[in-house]
2 protein chains.
Amino acid sequence: MSAPDLVTAIVATYDVWMRTVDEIGPVLAEHRLTPATFQALWAIDPDEQPPSMKALAGRLHCNAPNLTFVSNQLADRGLVERAVDPADRRSRVLVLTAKGRQVRAEVIRAALEKTPLAALDDGELRQLLTLLNRVLLPG
Amino acid sequence: MSAPDLVTAIVATYDVWMRTVDEIGPVLAEHRLTPATFQALWAIDPDEQPPSMKALAGRLHCNAPNLTFVSNQLADRGLVERAVDPADRRSRVLVLTAKGRQVRAEVIRAALEKTPLAALDDGELRQLLTLLNRVLLPG
DNA sequence: CAGAATTATTCGAGACTCGAAGCAAAGGTA
DNA sequence: TACCTTTGCTTCGAGTCTCGAATAATTCTG
């Protein structure tokens with residue numbers, strides 16, 4: 001592989017994400033979501049087990065104090081609630097409220113419409129996922 | 001295309017970028033580069049015409065006051081210098097200093113080594129670039 | 001049980017981002 | 001020329017974001 005191509009590819013991944021965020025700016029403003037709260041909200045899948053602070057911080061590539069701050073913002077806006085993990089009482093899990101689930105669905109729907117990746121057809125998207133999964137998943 | 005796949009793909013692009021940045025954290029710290037200054041430094045290609053503030057702000061998805069702030073950080077560290085564009089004296093272009101070129105080369109080299117995308121072989125990387133270019137380039 | 005490790009939070013400092021206002025240069029009109 | 005508008009950038013002020021260090025509560029280990 002040539003180094004310039006790799007540089008281009010890295011920049012392109014950054015660009016896809018940033019363009020997606022740019023495009024949904026109005027929707028985020030509508031719900032008073034900042035970039036940080038938006039990302040955190042996105043990262044809490046209501047169909048999975050509620051993540052602990054630690055797990056979510058890892059997903060967001062930020063540290064613990066930072067996530068505490070962001071979680072407070074989400075909680076203040078009534079989008080998430082903290083709950084003690086019964087299995088480990090040191091740990092707090094973040095649970096989406098009904099409003100949180102609704103807002104999350106709305107911003108993700110907007111992102112799916114507006115992202116540059118929406119230009120890909122089914123086969124291309126599958127191809128892209130194969131490549132990215134190969135790179136991101138362990139093994 | 002199925003919506004969950006598109007969500008996964010968007011998150012994956014974000015993840016590739018963030019993991020790349022995470023991995024080169026030590027190198028950035030070594031040069032006292034913050035995320036913002038690192039990105040700006042990356043975005044100034046010494047082999048191209050020095051970009052104006054406006055052009056660079058577009059590339060970085062930020063606004064003018066923000067880039068003024070970041071440019072000052074880079075200038076304070078002796079990595080870039082401002083120059084008046086003779087063709088339009090309102091415009092300032094950012095020129096890498098010798099140190100700026102050296103530091104830029106170093107952090108990009110580190111990124112190329114550490115990025116998850118380095119796991120792709122030549123053909124896969126070409127495939128990825130084809131897909132991302134199709135999505136990002138106009139037309 | 002005592003000590004070490006883990007999970008979150010608080011605090012303080014600094015970095016980042018943006019809108020509004022201001023300034024100088026460029027472009028348009030007469 | 002004079003005047004007005006637009007453009008590119010900077011300054012200022014406010015708010016957001018991020019992190020390291022210190023703290024508290026809980027769990028783990030020997």
# chains A, B, ... in the order shown; residues from 1 in each chain; ligands from 1

$ calpha_fit_and_write --fixed "chain B" --moving "chain A" --output "PDB file with C-alpha atoms, in the first residue's frame"
ATOM      1  CA  MET A   1     -29.471  -0.768   2.067  1.00  0.00           C
ATOM      2  CA  SER A   2     -30.620  -1.489   5.594  1.00  0.00           C
ATOM      3  CA  ALA A   3     -30.660   1.322   8.125  1.00  0.00           C
ATOM      4  CA  PRO A   4     -28.761  -0.585  10.853  1.00  0.00           C
ATOM      5  CA  ASP A   5     -25.920  -1.254   8.406  1.00  0.00           C
ATOM      6  CA  LEU A   6     -25.704   2.421   7.597  1.00  0.00           C
ATOM      7  CA  VAL A   7     -25.586   3.289  11.294  1.00  0.00           C
ATOM      8  CA  THR A   8     -22.798   0.788  11.771  1.00  0.00           C
ATOM      9  CA  ALA A   9     -20.878   2.246   8.870  1.00  0.00           C
ATOM     10  CA  ILE A  10     -21.139   5.806  10.155  1.00  0.00           C
ATOM     11  CA  VAL A  11     -20.009   4.786  13.623  1.00  0.00           C
ATOM     12  CA  ALA A  12     -17.165   2.811  12.084  1.00  0.00           C
ATOM     13  CA  THR A  13     -15.790   5.836  10.254  1.00  0.00           C
ATOM     14  CA  TYR A  14     -15.855   7.785  13.515  1.00  0.00           C
ATOM     15  CA  ASP A  15     -14.156   4.917  15.263  1.00  0.00           C
ATOM     16  CA  VAL A  16     -11.353   4.568  12.732  1.00  0.00           C
ATOM     17  CA  TRP A  17     -10.477   8.220  13.138  1.00  0.00           C
ATOM     18  CA  MET A  18     -10.701   8.249  16.936  1.00  0.00           C
ATOM     19  CA  ARG A  19      -8.653   5.090  17.312  1.00  0.00           C
ATOM     20  CA  THR A  20      -6.010   6.558  15.065  1.00  0.00           C
ATOM     21  CA  VAL A  21      -5.850   9.700  17.192  1.00  0.00           C
ATOM     22  CA  ASP A  22      -5.811   7.672  20.413  1.00  0.00           C
ATOM     23  CA  GLU A  23      -2.907   5.600  19.206  1.00  0.00           C
ATOM     24  CA  ILE A  24      -0.669   8.562  18.458  1.00  0.00           C
ATOM     25  CA  GLY A  25      -1.430  10.286  21.768  1.00  0.00           C
ATOM     26  CA  PRO A  26       2.133   9.856  23.052  1.00  0.00           C
ATOM     27  CA  VAL A  27       3.619  11.328  19.872  1.00  0.00           C
ATOM     28  CA  LEU A  28       1.277  14.307  20.095  1.00  0.00           C
ATOM     29  CA  ALA A  29       2.186  14.878  23.735  1.00  0.00           C
ATOM     30  CA  GLU A  30       5.856  14.715  22.805  1.00  0.00           C
ATOM     31  CA  HIS A  31       5.378  17.718  20.521  1.00  0.00           C
ATOM     32  CA  ARG A  32       2.860  19.479  22.807  1.00  0.00           C
ATOM     33  CA  LEU A  33       0.207  19.096  20.147  1.00  0.00           C
ATOM     34  CA  THR A  34      -3.433  19.166  21.202  1.00  0.00           C
ATOM     35  CA  PRO A  35      -6.133  17.490  19.122  1.00  0.00           C
ATOM     36  CA  ALA A  36      -7.045  20.795  17.481  1.00  0.00           C
ATOM     37  CA  THR A  37      -3.488  21.851  16.639  1.00  0.00           C
ATOM     38  CA  PHE A  38      -2.697  18.366  15.421  1.00  0.00           C
ATOM     39  CA  GLN A  39      -5.604  18.379  13.010  1.00  0.00           C
ATOM     40  CA  ALA A  40      -4.746  21.807  11.697  1.00  0.00           C
ATOM     41  CA  LEU A  41      -1.119  20.836  11.218  1.00  0.00           C
ATOM     42  CA  TRP A  42      -2.164  17.675   9.389  1.00  0.00           C
ATOM     43  CA  ALA A  43      -4.413  19.704   7.101  1.00  0.00           C
ATOM     44  CA  ILE A  44      -1.612  21.947   5.817  1.00  0.00           C
ATOM     45  CA  ASP A  45       0.100  20.024   3.039  1.00  0.00           C
ATOM     46  CA  PRO A  46       3.545  21.544   2.416  1.00  0.00           C
ATOM     47  CA  ASP A  47       3.440  20.270  -1.163  1.00  0.00           C
ATOM     48  CA  GLU A  48       0.391  22.354  -1.994  1.00  0.00           C
ATOM     49  CA  GLN A  49      -0.218  26.076  -2.079  1.00  0.00           C
ATOM     50  CA  PRO A  50      -0.425  27.458   1.482  1.00  0.00           C
ATOM     51  CA  PRO A  51      -4.119  27.545   2.399  1.00  0.00           C
ATOM     52  CA  SER A  52      -5.979  30.682   3.424  1.00  0.00           C
ATOM     53  CA  MET A  53      -7.711  30.793   6.777  1.00  0.00           C
ATOM     54  CA  LYS A  54     -11.019  30.375   5.043  1.00  0.00           C
ATOM     55  CA  ALA A  55      -9.900  27.355   3.037  1.00  0.00           C
ATOM     56  CA  LEU A  56      -8.407  25.683   6.088  1.00  0.00           C
ATOM     57  CA  ALA A  57     -11.468  26.371   8.224  1.00  0.00           C
ATOM     58  CA  GLY A  58     -13.560  24.589   5.626  1.00  0.00           C
ATOM     59  CA  ARG A  59     -11.212  21.638   5.597  1.00  0.00           C
ATOM     60  CA  LEU A  60     -11.384  21.404   9.385  1.00  0.00           C
ATOM     61  CA  HIS A  61     -15.133  21.926   9.613  1.00  0.00           C
ATOM     62  CA  CYS A  62     -14.715  24.842  11.981  1.00  0.00           C
ATOM     63  CA  ASN A  63     -15.470  28.540  11.782  1.00  0.00           C
ATOM     64  CA  ALA A  64     -13.193  31.513  11.345  1.00  0.00           C
ATOM     65  CA  PRO A  65     -12.695  32.614  14.966  1.00  0.00           C
ATOM     66  CA  ASN A  66     -11.915  29.052  15.926  1.00  0.00           C
ATOM     67  CA  LEU A  67      -9.227  28.714  13.292  1.00  0.00           C
ATOM     68  CA  THR A  68      -7.726  32.043  14.312  1.00  0.00           C
ATOM     69  CA  PHE A  69      -7.368  30.638  17.809  1.00  0.00           C
ATOM     70  CA  VAL A  70      -5.837  27.366  16.633  1.00  0.00           C
ATOM     71  CA  SER A  71      -3.507  29.131  14.202  1.00  0.00           C
ATOM     72  CA  ASN A  72      -2.213  31.260  17.046  1.00  0.00           C
ATOM     73  CA  GLN A  73      -1.375  28.107  18.963  1.00  0.00           C
ATOM     74  CA  LEU A  74       0.544  26.739  16.005  1.00  0.00           C
ATOM     75  CA  ALA A  75       2.302  30.058  15.453  1.00  0.00           C
ATOM     76  CA  ASP A  76       3.222  30.303  19.159  1.00  0.00           C
ATOM     77  CA  ARG A  77       4.821  26.873  18.877  1.00  0.00           C
ATOM     78  CA  GLY A  78       6.792  28.012  15.810  1.00  0.00           C
ATOM     79  CA  LEU A  79       5.095  25.545  13.477  1.00  0.00           C
ATOM     80  CA  VAL A  80       3.387  27.955  11.079  1.00  0.00           C
ATOM     81  CA  GLU A  81       3.707  31.551   9.947  1.00  0.00           C
ATOM     82  CA  ARG A  82       1.045  33.875   8.644  1.00  0.00           C
ATOM     83  CA  ALA A  83       1.597  35.626   5.328  1.00  0.00           C
ATOM     84  CA  VAL A  84      -0.537  38.100   3.472  1.00  0.00           C
ATOM     85  CA  ASP A  85      -1.846  36.772   0.201  1.00  0.00           C
ATOM     86  CA  PRO A  86      -0.549  39.248  -2.403  1.00  0.00           C
ATOM     87  CA  ALA A  87      -3.472  38.432  -4.661  1.00  0.00           C
ATOM     88  CA  ASP A  88      -6.011  39.416  -2.004  1.00  0.00           C
ATOM     89  CA  ARG A  89      -4.656  41.408   0.858  1.00  0.00           C
ATOM     90  CA  ARG A  90      -7.636  40.586   3.061  1.00  0.00           C
ATOM     91  CA  SER A  91      -6.571  36.981   3.066  1.00  0.00           C
ATOM     92  CA  ARG A  92      -3.848  35.398   5.211  1.00  0.00           C
ATOM     93  CA  VAL A  93      -2.229  32.149   4.205  1.00  0.00           C
ATOM     94  CA  LEU A  94      -0.657  29.714   6.641  1.00  0.00           C
ATOM     95  CA  VAL A  95       2.843  28.553   5.757  1.00  0.00           C
ATOM     96  CA  LEU A  96       4.567  25.704   7.560  1.00  0.00           C
ATOM     97  CA  THR A  97       7.948  26.513   9.044  1.00  0.00           C
ATOM     98  CA  ALA A  98      10.822  24.059   8.734  1.00  0.00           C
ATOM     99  CA  LYS A  99       9.975  22.824  12.207  1.00  0.00           C
ATOM    100  CA  GLY A 100       6.326  22.627  11.239  1.00  0.00           C
ATOM    101  CA  ARG A 101       7.118  20.426   8.257  1.00  0.00           C
ATOM    102  CA  GLN A 102       9.289  18.179  10.381  1.00  0.00           C
ATOM    103  CA  VAL A 103       6.743  17.778  13.182  1.00  0.00           C
ATOM    104  CA  ARG A 104       3.937  17.243  10.687  1.00  0.00           C
ATOM    105  CA  ALA A 105       5.875  14.493   8.946  1.00  0.00           C
ATOM    106  CA  GLU A 106       6.577  12.844  12.264  1.00  0.00           C
ATOM    107  CA  VAL A 107       2.983  12.740  13.526  1.00  0.00           C
ATOM    108  CA  ILE A 108       1.649  11.590  10.168  1.00  0.00           C
ATOM    109  CA  ARG A 109       4.238   8.829  10.062  1.00  0.00           C
ATOM    110  CA  ALA A 110       3.082   7.747  13.518  1.00  0.00           C
ATOM    111  CA  ALA A 111      -0.535   7.821  12.392  1.00  0.00           C
ATOM    112  CA  LEU A 112       0.228   5.648   9.370  1.00  0.00           C
ATOM    113  CA  GLU A 113       1.890   3.093  11.588  1.00  0.00           C
ATOM    114  CA  LYS A 114      -0.761   3.045  14.271  1.00  0.00           C
ATOM    115  CA  THR A 115      -4.034   3.493  12.391  1.00  0.00           C
ATOM    116  CA  PRO A 116      -6.309   0.452  12.263  1.00  0.00           C
ATOM    117  CA  LEU A 117      -6.418   0.983   8.495  1.00  0.00           C
ATOM    118  CA  ALA A 118      -2.813  -0.157   8.317  1.00  0.00           C
ATOM    119  CA  ALA A 119      -4.179  -3.696   8.599  1.00  0.00           C
ATOM    120  CA  LEU A 120      -5.553  -3.480   5.061  1.00  0.00           C
ATOM    121  CA  ASP A 121      -3.534  -4.828   2.166  1.00  0.00           C
ATOM    122  CA  ASP A 122      -3.008  -2.897  -1.048  1.00  0.00           C
ATOM    123  CA  GLY A 123      -6.136  -4.134  -2.778  1.00  0.00           C
ATOM    124  CA  GLU A 124      -8.388  -3.595   0.203  1.00  0.00           C
ATOM    125  CA  LEU A 125      -7.098  -0.086   0.715  1.00  0.00           C
ATOM    126  CA  ARG A 126      -7.733   0.705  -2.928  1.00  0.00           C
ATOM    127  CA  GLN A 127     -11.231  -0.681  -2.557  1.00  0.00           C
ATOM    128  CA  LEU A 128     -11.863   1.452   0.523  1.00  0.00           C
ATOM    129  CA  LEU A 129     -10.585   4.568  -1.212  1.00  0.00           C
ATOM    130  CA  THR A 130     -12.821   3.939  -4.184  1.00  0.00           C
ATOM    131  CA  LEU A 131     -15.859   3.774  -1.931  1.00  0.00           C
ATOM    132  CA  LEU A 132     -14.958   6.800   0.180  1.00  0.00           C
ATOM    133  CA  ASN A 133     -13.997   8.898  -2.812  1.00  0.00           C
ATOM    134  CA  ARG A 134     -17.241   8.054  -4.510  1.00  0.00           C
ATOM    135  CA  VAL A 135     -19.024   9.331  -1.412  1.00  0.00           C
ATOM    136  CA  LEU A 136     -16.943  12.422  -0.720  1.00  0.00           C
ATOM    137  CA  LEU A 137     -16.010  13.784  -4.110  1.00  0.00           C
ATOM    138  CA  PRO A 138     -18.565  15.903  -5.949  1.00  0.00           C
ATOM    139  CA  GLY A 139     -20.261  14.188  -8.829  1.00  0.00           C
TER     140      GLY A 139
END

$ interface_residues --of "chain C" --to "chain B" --cutoff "9 Å" --atoms "only C-alpha atoms (C1' of nucleotides)" --output "list in words"
DA15, DC16, DT17, DC18, DA24, DA25 and DA26 of chain C

$ write_last_selection --atoms "N, CA and C atoms (P, O5', C5', C4', C3', O3' and C1' of nucleotides)" --output "PDB file, in the first residue's frame"
ATOM      1  P    DA C  15      -3.896  25.464  27.377  1.00  0.00           P
ATOM      2  O5'  DA C  15      -4.973  24.742  26.443  1.00  0.00           O
ATOM      3  C5'  DA C  15      -5.081  23.328  26.474  1.00  0.00           C
ATOM      4  C4'  DA C  15      -6.338  22.909  25.739  1.00  0.00           C
ATOM      5  C3'  DA C  15      -6.473  23.531  24.349  1.00  0.00           C
ATOM      6  O3'  DA C  15      -6.833  22.504  23.448  1.00  0.00           O
ATOM      7  C1'  DA C  15      -8.410  23.954  25.612  1.00  0.00           C
ATOM      8  P    DC C  16      -6.908  22.804  21.882  1.00  0.00           P
ATOM      9  O5'  DC C  16      -8.462  23.066  21.615  1.00  0.00           O
ATOM     10  C5'  DC C  16      -9.374  22.044  21.960  1.00  0.00           C
ATOM     11  C4'  DC C  16     -10.802  22.548  21.827  1.00  0.00           C
ATOM     12  C3'  DC C  16     -11.151  23.174  20.472  1.00  0.00           C
ATOM     13  O3'  DC C  16     -12.132  22.337  19.882  1.00  0.00           O
ATOM     14  C1'  DC C  16     -12.052  24.411  22.291  1.00  0.00           C
ATOM     15  P    DT C  17     -12.582  22.540  18.366  1.00  0.00           P
ATOM     16  O5'  DT C  17     -13.778  23.576  18.458  1.00  0.00           O
ATOM     17  C5'  DT C  17     -14.979  23.207  19.121  1.00  0.00           C
ATOM     18  C4'  DT C  17     -15.924  24.379  19.179  1.00  0.00           C
ATOM     19  C3'  DT C  17     -16.023  25.185  17.880  1.00  0.00           C
ATOM     20  O3'  DT C  17     -17.251  24.847  17.259  1.00  0.00           O
ATOM     21  C1'  DT C  17     -16.029  26.569  19.835  1.00  0.00           C
ATOM     22  P    DC C  18     -17.687  25.547  15.882  1.00  0.00           P
ATOM     23  O5'  DC C  18     -18.536  26.813  16.352  1.00  0.00           O
ATOM     24  C5'  DC C  18     -19.557  26.616  17.322  1.00  0.00           C
ATOM     25  C4'  DC C  18     -20.054  27.949  17.822  1.00  0.00           C
ATOM     26  C3'  DC C  18     -20.352  28.948  16.705  1.00  0.00           C
ATOM     27  O3'  DC C  18     -21.705  29.329  16.758  1.00  0.00           O
ATOM     28  C1'  DC C  18     -19.061  29.947  18.445  1.00  0.00           C
ATOM     29  P    DA C  24      -8.636  49.659  10.363  1.00  0.00           P
ATOM     30  O5'  DA C  24      -8.114  48.918   9.066  1.00  0.00           O
ATOM     31  C5'  DA C  24      -7.314  47.752   9.192  1.00  0.00           C
ATOM     32  C4'  DA C  24      -7.356  46.958   7.902  1.00  0.00           C
ATOM     33  C3'  DA C  24      -7.158  47.811   6.651  1.00  0.00           C
ATOM     34  O3'  DA C  24      -6.280  47.129   5.780  1.00  0.00           O
ATOM     35  C1'  DA C  24      -9.183  46.606   6.489  1.00  0.00           C
ATOM     36  P    DA C  25      -5.708  47.853   4.492  1.00  0.00           P
ATOM     37  O5'  DA C  25      -6.357  46.981   3.325  1.00  0.00           O
ATOM     38  C5'  DA C  25      -6.048  45.599   3.274  1.00  0.00           C
ATOM     39  C4'  DA C  25      -6.967  44.917   2.285  1.00  0.00           C
ATOM     40  C3'  DA C  25      -6.927  45.509   0.873  1.00  0.00           C
ATOM     41  O3'  DA C  25      -6.722  44.452  -0.048  1.00  0.00           O
ATOM     42  C1'  DA C  25      -9.156  45.382   1.661  1.00  0.00           C
ATOM     43  P    DA C  26      -6.590  44.737  -1.577  1.00  0.00           P
ATOM     44  O5'  DA C  26      -8.037  44.359  -2.136  1.00  0.00           O
ATOM     45  C5'  DA C  26      -8.538  43.053  -1.892  1.00  0.00           C
ATOM     46  C4'  DA C  26      -9.927  42.909  -2.485  1.00  0.00           C
ATOM     47  C3'  DA C  26     -10.056  43.392  -3.929  1.00  0.00           C
ATOM     48  O3'  DA C  26     -10.684  42.376  -4.685  1.00  0.00           O
ATOM     49  C1'  DA C  26     -11.692  44.420  -2.551  1.00  0.00           C
TER      50       DA C  26
END

$ interface_residues --of "chain D" --to "chain A" --cutoff "12 Å" --atoms "only C-alpha atoms (C1' of nucleotides)" --output "ChimeraX atom specification"
/D:15-21,24-28

$ write_last_selection --atoms "C-alpha atoms (C1' of nucleotides)" --output "short mmCIF file (atom, residue, chain, number, x, y, z; two decimals), in the first residue's frame"
data_model
loop_
_atom_site.label_atom_id
_atom_site.label_comp_id
_atom_site.auth_asym_id
_atom_site.auth_seq_id
_atom_site.Cartn_x
_atom_site.Cartn_y
_atom_site.Cartn_z
"C1'" DG D 15 -20.28 28.80 27.16
"C1'" DT D 16 -18.76 23.96 26.20
"C1'" DC D 17 -15.49 20.39 26.44
"C1'" DT D 18 -11.47 17.73 28.29
"C1'" DC D 19 -8.29 16.18 31.43
"C1'" DG D 20 -5.18 15.23 35.71
"C1'" DA D 21 -5.29 14.95 40.60
"C1'" DA D 24 -15.22 8.36 48.22
"C1'" DA D 25 -17.54 4.01 47.92
"C1'" DT D 26 -17.32 -0.68 46.67
"C1'" DT D 27 -15.12 -4.97 45.43
"C1'" DC D 28 -11.31 -8.08 45.22
#

$ select_by_dssp --residues "chain B" --states "helix (DSSP H, G or I)" --output "ChimeraX atom specification"
/B:3-23,25-30,35-43,53-60,64-76,98-114,116-119,122-136

$ select_by_dssp --residues "region 7-95 of chain B" --states "strand (DSSP E)" --output "short mmCIF file (atom, residue, chain, number, x, y, z; two decimals) with N, CA and C atoms, in the first residue's frame"
data_model
loop_
_atom_site.label_atom_id
_atom_site.label_comp_id
_atom_site.auth_asym_id
_atom_site.auth_seq_id
_atom_site.Cartn_x
_atom_site.Cartn_y
_atom_site.Cartn_z
N VAL B 80 3.87 27.27 12.34
CA VAL B 80 3.37 27.95 11.13
C VAL B 80 3.66 29.44 11.22
N GLU B 81 3.61 30.09 10.07
CA GLU B 81 3.70 31.54 10.02
C GLU B 81 2.59 32.07 9.13
N ARG B 82 2.07 33.23 9.51
CA ARG B 82 1.07 33.87 8.68
C ARG B 82 1.76 34.69 7.61
N ALA B 83 1.14 34.73 6.42
CA ALA B 83 1.66 35.60 5.37
C ALA B 83 0.48 36.21 4.64
N VAL B 84 0.64 37.44 4.23
CA VAL B 84 -0.42 38.11 3.48
C VAL B 84 -0.42 37.56 2.06
N ARG B 92 -5.04 35.88 4.64
CA ARG B 92 -3.78 35.40 5.21
C ARG B 92 -3.63 33.92 4.88
N VAL B 93 -2.44 33.55 4.44
CA VAL B 93 -2.19 32.13 4.21
C VAL B 93 -1.29 31.60 5.32
N LEU B 94 -1.44 30.34 5.61
CA LEU B 94 -0.64 29.70 6.66
C LEU B 94 0.47 28.89 6.02
N VAL B 95 1.69 29.21 6.36
CA VAL B 95 2.86 28.55 5.79
C VAL B 95 3.56 27.76 6.89
#

$ residues_around --residues "DT29 (chain D)" --least-positions-apart "6" --cutoff "12 Å" --atoms "only C-alpha atoms (C1' of nucleotides)" --output "VMD selection string"
chain C and resid 1 to 5

$ write_last_selection --atoms "N, CA and C atoms (P, O5', C5', C4', C3', O3' and C1' of nucleotides)" --output "PDB file, in the first residue's frame"
ATOM      1  P    DC C   1     -14.107  -7.575  59.059  1.00  0.00           P
ATOM      2  O5'  DC C   1     -13.029  -6.930  60.006  1.00  0.00           O
ATOM      3  C5'  DC C   1     -12.261  -7.839  60.816  1.00  0.00           C
ATOM      4  C4'  DC C   1     -10.857  -7.943  60.279  1.00  0.00           C
ATOM      5  C3'  DC C   1     -10.351  -6.645  59.642  1.00  0.00           C
ATOM      6  O3'  DC C   1      -9.223  -6.148  60.358  1.00  0.00           O
ATOM      7  C1'  DC C   1      -9.941  -8.565  58.219  1.00  0.00           C
ATOM      8  P    DA C   2      -8.713  -4.640  60.153  1.00  0.00           P
ATOM      9  O5'  DA C   2      -7.603  -4.782  59.031  1.00  0.00           O
ATOM     10  C5'  DA C   2      -6.394  -5.481  59.310  1.00  0.00           C
ATOM     11  C4'  DA C   2      -5.459  -5.367  58.118  1.00  0.00           C
ATOM     12  C3'  DA C   2      -5.269  -3.951  57.596  1.00  0.00           C
ATOM     13  O3'  DA C   2      -3.909  -3.767  57.206  1.00  0.00           O
ATOM     14  C1'  DA C   2      -6.254  -5.297  55.901  1.00  0.00           C
ATOM     15  P    DG C   3      -3.396  -2.341  56.635  1.00  0.00           P
ATOM     16  O5'  DG C   3      -3.262  -2.619  55.065  1.00  0.00           O
ATOM     17  C5'  DG C   3      -2.436  -3.679  54.623  1.00  0.00           C
ATOM     18  C4'  DG C   3      -2.602  -3.893  53.137  1.00  0.00           C
ATOM     19  C3'  DG C   3      -2.437  -2.626  52.295  1.00  0.00           C
ATOM     20  O3'  DG C   3      -1.610  -2.932  51.181  1.00  0.00           O
ATOM     21  C1'  DG C   3      -4.495  -3.639  51.794  1.00  0.00           C
ATOM     22  P    DA C   4      -1.167  -1.864  50.096  1.00  0.00           P
ATOM     23  O5'  DA C   4      -1.955  -2.347  48.793  1.00  0.00           O
ATOM     24  C5'  DA C   4      -1.790  -3.690  48.338  1.00  0.00           C
ATOM     25  C4'  DA C   4      -2.712  -3.951  47.168  1.00  0.00           C
ATOM     26  C3'  DA C   4      -2.653  -2.878  46.080  1.00  0.00           C
ATOM     27  O3'  DA C   4      -2.610  -3.515  44.808  1.00  0.00           O
ATOM     28  C1'  DA C   4      -4.871  -3.134  46.834  1.00  0.00           C
ATOM     29  P    DA C   5      -2.514  -2.643  43.471  1.00  0.00           P
ATOM     30  O5'  DA C   5      -3.976  -2.798  42.849  1.00  0.00           O
ATOM     31  C5'  DA C   5      -4.558  -4.094  42.760  1.00  0.00           C
ATOM     32  C4'  DA C   5      -5.993  -3.971  42.282  1.00  0.00           C
ATOM     33  C3'  DA C   5      -6.180  -2.994  41.114  1.00  0.00           C
ATOM     34  O3'  DA C   5      -6.990  -3.611  40.133  1.00  0.00           O
ATOM     35  C1'  DA C   5      -7.645  -2.434  42.879  1.00  0.00           C
TER      36       DA C   5
END

$ atom_distance --atom1 "C1' of DG13 (chain D)" --atom2 "C1' of DA21 (chain C)"
11.0 Å
